[in-house]
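Participant: What follows is my_file18.cif, made up of mmCIF, C-alpha atoms:
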data_input
loop_
_atom_site.group_PDB
_atom_site.id
_atom_site.type_symbol
_atom_site.label_atom_id
_atom_site.label_comp_id
_atom_site.auth_asym_id
_atom_site.auth_seq_id
_atom_site.Cartn_x
_atom_site.Cartn_y
_atom_site.Cartn_z
ATOM 1 C CA ASP A 1 98.813 212.902 41.221
ATOM 2 C CA GLY A 2 96.253 212.971 44.009
ATOM 3 C CA GLY A 3 93.366 215.324 43.718
ATOM 4 C CA ILE A 4 89.694 215.913 43.127
ATOM 5 C CA THR A 5 88.064 215.451 39.754
ATOM 6 C CA GLN A 6 84.751 217.049 38.911
ATOM 7 C CA SER A 7 82.804 216.307 35.770
ATOM 8 C CA PRO A 8 81.440 217.591 33.566
ATOM 9 C CA LYS A 9 83.083 221.005 33.566
ATOM 10 C CA TYR A 10 80.179 222.543 31.659
ATOM 11 C CA LEU A 11 76.620 221.260 31.599
ATOM 12 C CA PHE A 12 73.425 222.544 30.060
ATOM 13 C CA ARG A 13 70.022 221.423 31.257
ATOM 14 C CA LYS A 14 66.474 222.064 30.268
ATOM 15 C CA GLU A 15 64.051 223.145 32.932
ATOM 16 C CA GLY A 16 62.432 220.211 34.669
ATOM 17 C CA GLN A 17 65.363 217.850 34.186
ATOM 18 C CA ASN A 18 67.481 216.356 36.927
ATOM 19 C CA VAL A 19 71.239 216.410 36.462
ATOM 20 C CA THR A 20 74.039 214.719 38.375
ATOM 21 C CA LEU A 21 77.476 216.251 38.929
ATOM 22 C CA SER A 22 80.323 213.880 39.601
ATOM 23 C CA CYS A 23 83.015 214.338 42.240
ATOM 24 C CA GLU A 24 85.801 211.810 42.747
ATOM 25 C CA GLN A 25 88.816 212.096 45.036
ATOM 26 C CA ASN A 26 91.878 209.865 45.393
ATOM 27 C CA LEU A 27 93.242 211.610 48.484
ATOM 28 C CA ASN A 28 91.753 209.075 50.912
ATOM 29 C CA HIS A 29 89.867 211.901 52.640
ATOM 30 C CA ASP A 30 86.969 211.133 54.929
ATOM 31 C CA ALA A 31 85.072 214.408 54.546
ATOM 32 C CA MET A 32 83.599 215.747 51.306
ATOM 33 C CA TYR A 33 81.618 218.897 50.536
ATOM 34 C CA TRP A 34 79.524 220.512 47.834
ATOM 35 C CA TYR A 35 79.392 224.281 47.483
ATOM 36 C CA ARG A 36 77.453 226.559 45.212
ATOM 37 C CA GLN A 37 78.920 229.830 43.934
ATOM 38 C CA ASP A 38 76.920 232.532 42.188
ATOM 39 C CA PRO A 39 78.500 235.429 40.286
ATOM 40 C CA GLY A 40 80.262 237.864 42.583
ATOM 41 C CA GLN A 41 79.299 235.898 45.650
ATOM 42 C CA GLY A 42 81.013 233.650 48.109
ATOM 43 C CA LEU A 43 80.549 229.946 48.610
ATOM 44 C CA ARG A 44 77.392 228.455 50.085
ATOM 45 C CA LEU A 45 77.355 224.938 51.480
ATOM 46 C CA ILE A 46 74.863 222.521 49.933
ATOM 47 C CA TYR A 47 75.704 219.169 51.521
ATOM 48 C CA TYR A 48 78.611 217.575 53.300
ATOM 49 C CA SER A 49 79.629 214.072 54.278
ATOM 50 C CA GLN A 50 81.982 213.113 57.060
ATOM 51 C CA ILE A 51 82.001 209.377 56.425
ATOM 52 C CA VAL A 52 80.725 206.801 53.970
ATOM 53 C CA ASN A 53 76.942 206.285 54.000
ATOM 54 C CA ASP A 54 76.366 209.458 55.990
ATOM 55 C CA PHE A 55 75.754 213.059 54.916
ATOM 56 C CA GLN A 56 74.237 216.246 56.287
ATOM 57 C CA LYS A 57 72.383 219.173 54.811
ATOM 58 C CA GLY A 58 74.202 222.440 54.508
ATOM 59 C CA ASP A 59 72.729 225.908 54.305
ATOM 60 C CA ILE A 60 70.993 225.546 50.924
ATOM 61 C CA ALA A 61 70.136 221.842 50.531
ATOM 62 C CA GLU A 62 66.626 222.303 49.131
ATOM 63 C CA GLY A 63 66.353 220.975 45.585
ATOM 64 C CA TYR A 64 69.575 218.960 45.827
ATOM 65 C CA SER A 65 70.413 215.393 46.786
ATOM 66 C CA VAL A 66 73.647 213.480 47.375
ATOM 67 C CA SER A 67 74.930 210.002 48.093
ATOM 68 C CA ARG A 68 78.133 208.675 49.637
ATOM 69 C CA GLU A 69 78.301 204.985 48.816
ATOM 70 C CA LYS A 70 82.066 204.991 48.394
ATOM 71 C CA LYS A 71 84.742 206.960 50.208
ATOM 72 C CA GLU A 72 86.111 208.440 47.012
ATOM 73 C CA SER A 73 82.825 209.510 45.434
ATOM 74 C CA PHE A 74 80.260 212.144 46.385
ATOM 75 C CA PRO A 75 77.880 212.889 43.482
ATOM 76 C CA LEU A 76 75.436 215.774 43.617
ATOM 77 C CA THR A 77 72.047 215.664 41.906
ATOM 78 C CA VAL A 78 70.387 218.941 41.061
ATOM 79 C CA THR A 79 66.695 218.156 40.904
ATOM 80 C CA SER A 80 63.869 219.901 39.135
ATOM 81 C CA ALA A 81 62.787 221.204 42.543
ATOM 82 C CA GLN A 82 65.792 223.554 42.608
ATOM 83 C CA LYS A 83 64.260 226.838 41.466
ATOM 84 C CA ASN A 84 67.408 228.577 40.333
ATOM 85 C CA PRO A 85 70.046 225.958 39.532
ATOM 86 C CA THR A 86 72.273 227.967 37.193
ATOM 87 C CA ALA A 87 75.535 228.341 39.116
ATOM 88 C CA PHE A 88 79.120 227.204 39.541
ATOM 89 C CA TYR A 89 79.386 224.090 41.714
ATOM 90 C CA LEU A 90 82.509 223.218 43.650
ATOM 91 C CA CYS A 91 83.353 219.930 45.305
ATOM 92 C CA ALA A 92 85.936 219.749 48.072
ATOM 93 C CA SER A 93 87.423 217.241 50.456
ATOM 94 C CA ARG A 94 89.272 217.250 53.734
ATOM 95 C CA VAL A 95 91.274 214.645 55.651
ATOM 96 C CA LYS A 96 88.665 214.550 58.426
ATOM 97 C CA ARG A 97 85.816 216.824 59.366
ATOM 98 C CA ASP A 98 87.980 218.754 61.810
ATOM 99 C CA THR A 99 91.463 218.413 60.356
ATOM 100 C CA GLY A 100 93.412 220.158 57.662
ATOM 101 C CA GLU A 101 92.598 222.306 54.725
ATOM 102 C CA LEU A 102 90.033 221.822 51.991
ATOM 103 C CA PHE A 103 91.131 220.556 48.613
ATOM 104 C CA PHE A 104 88.929 221.715 45.743
ATOM 105 C CA GLY A 105 88.033 220.398 42.350
ATOM 106 C CA GLU A 106 88.003 222.625 39.274
ATOM 107 C CA GLY A 107 84.255 223.130 39.425
ATOM 108 C CA SER A 108 81.239 222.392 37.248
ATOM 109 C CA ARG A 109 79.257 225.163 35.625
ATOM 110 C CA LEU A 110 75.580 224.330 35.219
ATOM 111 C CA THR A 111 73.374 226.406 32.965
ATOM 112 C CA VAL A 112 69.625 225.885 32.766
ATOM 113 C CA LEU A 113 68.173 226.816 29.410
ATOM 114 C CA ALA B 1 79.299 230.182 66.642
ATOM 115 C CA GLN B 2 82.062 231.170 64.309
ATOM 116 C CA SER B 3 82.031 233.847 61.634
ATOM 117 C CA VAL B 4 84.388 235.440 59.149
ATOM 118 C CA THR B 5 84.285 238.984 57.790
ATOM 119 C CA GLN B 6 86.360 240.107 54.866
ATOM 120 C CA LEU B 7 86.333 243.819 55.280
ATOM 121 C CA ASP B 8 86.717 244.779 51.622
ATOM 122 C CA SER B 9 84.750 243.263 48.764
ATOM 123 C CA HIS B 10 87.101 244.876 46.219
ATOM 124 C CA VAL B 11 90.721 246.002 46.471
ATOM 125 C CA SER B 12 92.620 247.703 43.669
ATOM 126 C CA VAL B 13 96.399 248.124 43.658
ATOM 127 C CA SER B 14 99.061 249.018 41.129
ATOM 128 C CA GLU B 15 101.561 246.416 40.019
ATOM 129 C CA GLY B 16 104.596 246.469 42.290
ATOM 130 C CA THR B 17 102.782 247.990 45.276
ATOM 131 C CA PRO B 18 101.874 246.168 48.495
ATOM 132 C CA VAL B 19 98.712 244.133 48.895
ATOM 133 C CA LEU B 20 96.598 244.020 52.065
ATOM 134 C CA LEU B 21 93.440 241.917 52.230
ATOM 135 C CA ARG B 22 91.695 242.089 55.581
ATOM 136 C CA CYS B 23 89.979 239.287 57.457
ATOM 137 C CA ASN B 24 88.418 239.319 60.916
ATOM 138 C CA TYR B 25 86.987 236.257 62.566
ATOM 139 C CA SER B 26 85.090 235.213 65.622
ATOM 140 C CA SER B 27 85.404 231.771 67.132
ATOM 141 C CA SER B 28 84.472 230.138 70.391
ATOM 142 C CA TYR B 29 87.328 227.681 70.198
ATOM 143 C CA SER B 30 90.880 227.524 68.958
ATOM 144 C CA PRO B 31 90.491 228.088 65.246
ATOM 145 C CA SER B 32 92.487 227.117 62.227
ATOM 146 C CA LEU B 33 92.533 229.812 59.557
ATOM 147 C CA PHE B 34 93.106 229.607 55.830
ATOM 148 C CA TRP B 35 93.427 231.870 52.831
ATOM 149 C CA TYR B 36 92.403 230.615 49.393
ATOM 150 C CA VAL B 37 92.706 232.135 45.944
ATOM 151 C CA GLN B 38 90.290 231.581 43.068
ATOM 152 C CA HIS B 39 90.953 232.519 39.459
ATOM 153 C CA PRO B 40 87.956 232.832 37.113
ATOM 154 C CA ASN B 41 86.112 229.586 36.457
ATOM 155 C CA LYS B 42 88.560 227.636 38.590
ATOM 156 C CA GLY B 43 88.506 225.878 41.928
ATOM 157 C CA LEU B 44 90.021 227.347 45.060
ATOM 158 C CA GLN B 45 93.727 226.953 45.750
ATOM 159 C CA LEU B 46 95.216 227.098 49.232
ATOM 160 C CA LEU B 47 97.576 230.036 49.746
ATOM 161 C CA LEU B 48 98.441 229.467 53.390
ATOM 162 C CA LYS B 49 97.127 228.152 56.681
ATOM 163 C CA TYR B 50 97.424 228.872 60.399
ATOM 164 C CA THR B 51 97.050 225.923 62.772
ATOM 165 C CA SER B 52 98.286 227.234 66.150
ATOM 166 C CA ALA B 53 101.986 227.161 65.369
ATOM 167 C CA ALA B 54 103.872 230.319 64.336
ATOM 168 C CA THR B 55 101.600 233.346 64.152
ATOM 169 C CA LEU B 56 103.291 234.657 61.002
ATOM 170 C CA VAL B 57 102.495 232.258 58.217
ATOM 171 C CA LYS B 58 104.208 232.244 54.854
ATOM 172 C CA GLY B 59 102.401 230.879 51.831
ATOM 173 C CA ILE B 60 102.841 230.427 48.135
ATOM 174 C CA ASN B 61 103.517 233.172 45.595
ATOM 175 C CA GLY B 62 105.030 235.531 48.193
ATOM 176 C CA PHE B 63 101.882 235.873 50.318
ATOM 177 C CA GLU B 64 101.918 235.838 54.092
ATOM 178 C CA ALA B 65 99.444 236.380 56.914
ATOM 179 C CA GLU B 66 99.694 237.148 60.590
ATOM 180 C CA PHE B 67 97.371 235.644 63.180
ATOM 181 C CA LYS B 68 96.550 238.250 65.828
ATOM 182 C CA LYS B 69 94.403 236.761 68.537
ATOM 183 C CA SER B 70 93.950 240.036 70.413
ATOM 184 C CA GLU B 71 92.556 241.653 67.278
ATOM 185 C CA THR B 72 90.834 238.482 65.978
ATOM 186 C CA SER B 73 92.413 239.184 62.617
ATOM 187 C CA PHE B 74 94.200 237.206 59.937
ATOM 188 C CA HIS B 75 95.107 239.725 57.250
ATOM 189 C CA LEU B 76 96.775 238.623 54.025
ATOM 190 C CA THR B 77 99.712 240.632 52.685
ATOM 191 C CA LYS B 78 102.189 240.640 49.836
ATOM 192 C CA PRO B 79 105.014 243.151 49.466
ATOM 193 C CA SER B 80 104.695 243.626 45.722
ATOM 194 C CA ALA B 81 101.657 242.846 43.600
ATOM 195 C CA HIS B 82 101.957 241.074 40.285
ATOM 196 C CA MET B 83 99.420 241.107 37.486
ATOM 197 C CA SER B 84 98.877 237.368 38.002
ATOM 198 C CA ASP B 85 97.652 238.050 41.563
ATOM 199 C CA ALA B 86 94.386 239.450 40.217
ATOM 200 C CA ALA B 87 91.782 237.006 41.516
ATOM 201 C CA GLU B 88 89.210 236.403 44.253
ATOM 202 C CA TYR B 89 90.516 235.669 47.740
ATOM 203 C CA PHE B 90 88.663 233.871 50.508
ATOM 204 C CA CYS B 91 89.395 233.737 54.222
ATOM 205 C CA VAL B 92 88.165 230.560 55.952
ATOM 206 C CA VAL B 93 87.937 229.633 59.629
ATOM 207 C CA SER B 94 87.696 226.137 61.014
ATOM 208 C CA GLU B 95 86.839 225.513 64.625
ATOM 209 C CA GLY B 96 88.194 222.796 66.854
ATOM 210 C CA LEU B 97 86.828 219.509 68.059
ATOM 211 C CA ASN B 98 84.115 220.965 70.259
ATOM 212 C CA ASN B 99 82.047 221.995 67.267
ATOM 213 C CA ALA B 100 79.951 219.083 66.102
ATOM 214 C CA GLY B 101 78.707 220.760 62.964
ATOM 215 C CA ASN B 102 80.197 221.697 59.644
ATOM 216 C CA MET B 103 83.175 223.468 61.274
ATOM 217 C CA LEU B 104 84.115 225.547 58.216
ATOM 218 C CA THR B 105 83.007 229.123 57.576
ATOM 219 C CA PHE B 106 83.917 231.171 54.501
ATOM 220 C CA GLY B 107 84.260 234.909 54.246
ATOM 221 C CA GLY B 108 82.407 236.666 51.466
ATOM 222 C CA GLY B 109 85.530 237.072 49.340
ATOM 223 C CA THR B 110 87.699 239.978 48.225
ATOM 224 C CA ARG B 111 88.288 240.658 44.560
ATOM 225 C CA LEU B 112 91.822 241.904 43.982
ATOM 226 C CA MET B 113 92.447 243.985 40.904
ATOM 227 C CA VAL B 114 95.983 244.821 39.824
ATOM 228 C CA LYS B 115 96.582 247.792 37.563
ATOM 229 C CA PRO B 116 99.583 247.915 35.251
#
Here is a file; write its structure as structure tokens.

Facilitator:
Amino acid sequence: DGGITQSPKYLFRKEGQNVTLSCEQNLNHDAMYWYRQDPGQGLRLIYYSQIVNDFQKGDIAEGYSVSREKKESFPLTVTSAQKNPTAFYLCASRVKRDTGELFFGEGSRLTVL
Amino acid sequence: AQSVTQLDSHVSVSEGTPVLLRCNYSSSYSPSLFWYVQHPNKGLQLLLKYTSAATLVKGINGFEAEFKKSETSFHLTKPSAHMSDAAEYFCVVSEGLNNAGNMLTFGGGTRLMVKP
């Protein structure tokens, strides 16, 4: 079955540590996205990528970094510079930047201890 | 610039009664519109989409939505609520090719509660 796989589903981190969230898709989609969701709130865009080796900052990119070395992979690193990293992170993909609906992964919940 | 407003942050209905979740949008170009559902600690699942074909769109689980350009609305409805419909719902707008940016805008979400 085609889809998006996020891992890990739950992750705990000590303050000051970087952590990387994995996102893999086998849908052959060009565009990929990372969103952050806080309790009772909507989705906020962190980064997005429309093509391999290219990505753009979203609305809340500070303290995060990404890479897009392969079409199917779009990992997100939450750095120690992110002041409030505890949240639910969602990865999504789309056929192209302007076409079709978003397909979402199951999410990764990061808790900073 | 595009925007999406979900007019109710919370909606409570009784099981078996109709559901109405309201969404208004603004867009400079011909938009595509989507409704997603999110159950706790899960990703978002597409309920239905409008992409400039029929204005009345039918989706999964008995949901449907009507695109009304004159009212810039895309309200989500279901004739009879089921307990399993309790979840968070998001309205999303995507603009056309003339927008060089991100192109996707999410509403703030509506939490649907279904009472037995």

Participant: Could you tell me which residues of chain A sit within 6 Å of chain B when counting only C-alpha atoms, and give me the result as a list in words?

Facilitator: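 Applying the cut-off to the listed atoms yields Gly42, Phe104, Gly105, Glu106 and Gly107 of chain A.
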
Participant: Store the residues of this selection in a file with C-alpha atoms, as an mmCIF file, in the frame of the given file.

Facilitator:
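Resulting contents of selection-v3.cif:
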data_model
loop_
_atom_site.group_PDB
_atom_site.id
_atom_site.type_symbol
_atom_site.label_atom_id
_atom_site.label_comp_id
_atom_site.auth_asym_id
_atom_site.auth_seq_id
_atom_site.Cartn_x
_atom_site.Cartn_y
_atom_site.Cartn_z
ATOM 1 C CA GLY A 42 81.013 233.650 48.109
ATOM 2 C CA PHE A 104 88.929 221.715 45.743
ATOM 3 C CA GLY A 105 88.033 220.398 42.350
ATOM 4 C CA GLU A 106 88.003 222.625 39.274
ATOM 5 C CA GLY A 107 84.255 223.130 39.425
#

Participant: Of the candidates A:Ser65, A:Ser73, A:Ser7, A:Asn18, which one gets nearest to Ile46 in chain A if we count only C-alpha atoms?

Facilitator: A:Ser65

Participant: Tell me which of A:Leu11, A:Val66, A:Ala31, A:Leu76 sits closest to Leu110 in chain A, counting only C-alpha atoms.

Facilitator: A:Leu11

Participant: Please report the interatomic distance between CA of Gln56 in chain A and CA of Phe74 in chain A in Å with one decimal.

Facilitator: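 So the answer is 12.3 Å.
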
Participant: Give me, please, the distance in Å between CA of Arg97 in chain A and CA of Asn84 in chain A, quoted to one decimal.

Facilitator: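 Atom-to-atom, CA of Arg97 in chain A and CA of Asn84 in chain A are spaced 29.0 Å apart.
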
Participant: Please enclose the listed atoms of range 25-31 of chain A in an axis-aligned box, pad each side by 5 Å, and write out the centre and the three edge lengths in Å, rounded to one decimal, as AutoDock Vina command-line options.

Facilitator:
--center_x 89.2 --center_y 211.7 --center_z 50.0 --size_x 18.2 --size_y 15.3 --size_z 19.9

Participant: Determine the residue membership of the PyMOL selection byres ((chain B and resi 53-66) around 9) for the file above and supply it as a PyMOL selection string.

Facilitator: chain B and resi 19+35+46-52+67-68+73-80+85

Participant: Just the selected residues (C-alpha atoms), exported as a PDB file, keeping the file's coordinate frame, please.

Facilitator:
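Below you can see selection11.pdb, which holds the result:
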ATOM      1  CA  VAL B  19      98.712 244.133  48.895  1.00  0.00           C
ATOM      2  CA  TRP B  35      93.427 231.870  52.831  1.00  0.00           C
ATOM      3  CA  LEU B  46      95.216 227.098  49.232  1.00  0.00           C
ATOM      4  CA  LEU B  47      97.576 230.036  49.746  1.00  0.00           C
ATOM      5  CA  LEU B  48      98.441 229.467  53.390  1.00  0.00           C
ATOM      6  CA  LYS B  49      97.127 228.152  56.681  1.00  0.00           C
ATOM      7  CA  TYR B  50      97.424 228.872  60.399  1.00  0.00           C
ATOM      8  CA  THR B  51      97.050 225.923  62.772  1.00  0.00           C
ATOM      9  CA  SER B  52      98.286 227.234  66.150  1.00  0.00           C
ATOM     10  CA  PHE B  67      97.371 235.644  63.180  1.00  0.00           C
ATOM     11  CA  LYS B  68      96.550 238.250  65.828  1.00  0.00           C
ATOM     12  CA  SER B  73      92.413 239.184  62.617  1.00  0.00           C
ATOM     13  CA  PHE B  74      94.200 237.206  59.937  1.00  0.00           C
ATOM     14  CA  HIS B  75      95.107 239.725  57.250  1.00  0.00           C
ATOM     15  CA  LEU B  76      96.775 238.623  54.025  1.00  0.00           C
ATOM     16  CA  THR B  77      99.712 240.632  52.685  1.00  0.00           C
ATOM     17  CA  LYS B  78     102.189 240.640  49.836  1.00  0.00           C
ATOM     18  CA  PRO B  79     105.014 243.151  49.466  1.00  0.00           C
ATOM     19  CA  SER B  80     104.695 243.626  45.722  1.00  0.00           C
ATOM     20  CA  ASP B  85      97.652 238.050  41.563  1.00  0.00           C
TER      21      ASP B  85
END

Participant: Can you work out the spacing between CA of Gly2 in chain A and CA of Ala87 in chain A in Å, to one decimal?

Facilitator: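 Interatomic distance here is 26.3 Å.
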
Participant: Looking at only C-alpha atoms, which of A:Ser67, A:Tyr33, A:Glu101, A:Lys14 is the one that sits closest to Cys91 in chain B?

Facilitator: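 With only C-alpha atoms as the atom set, the closest residue is A:Glu101.
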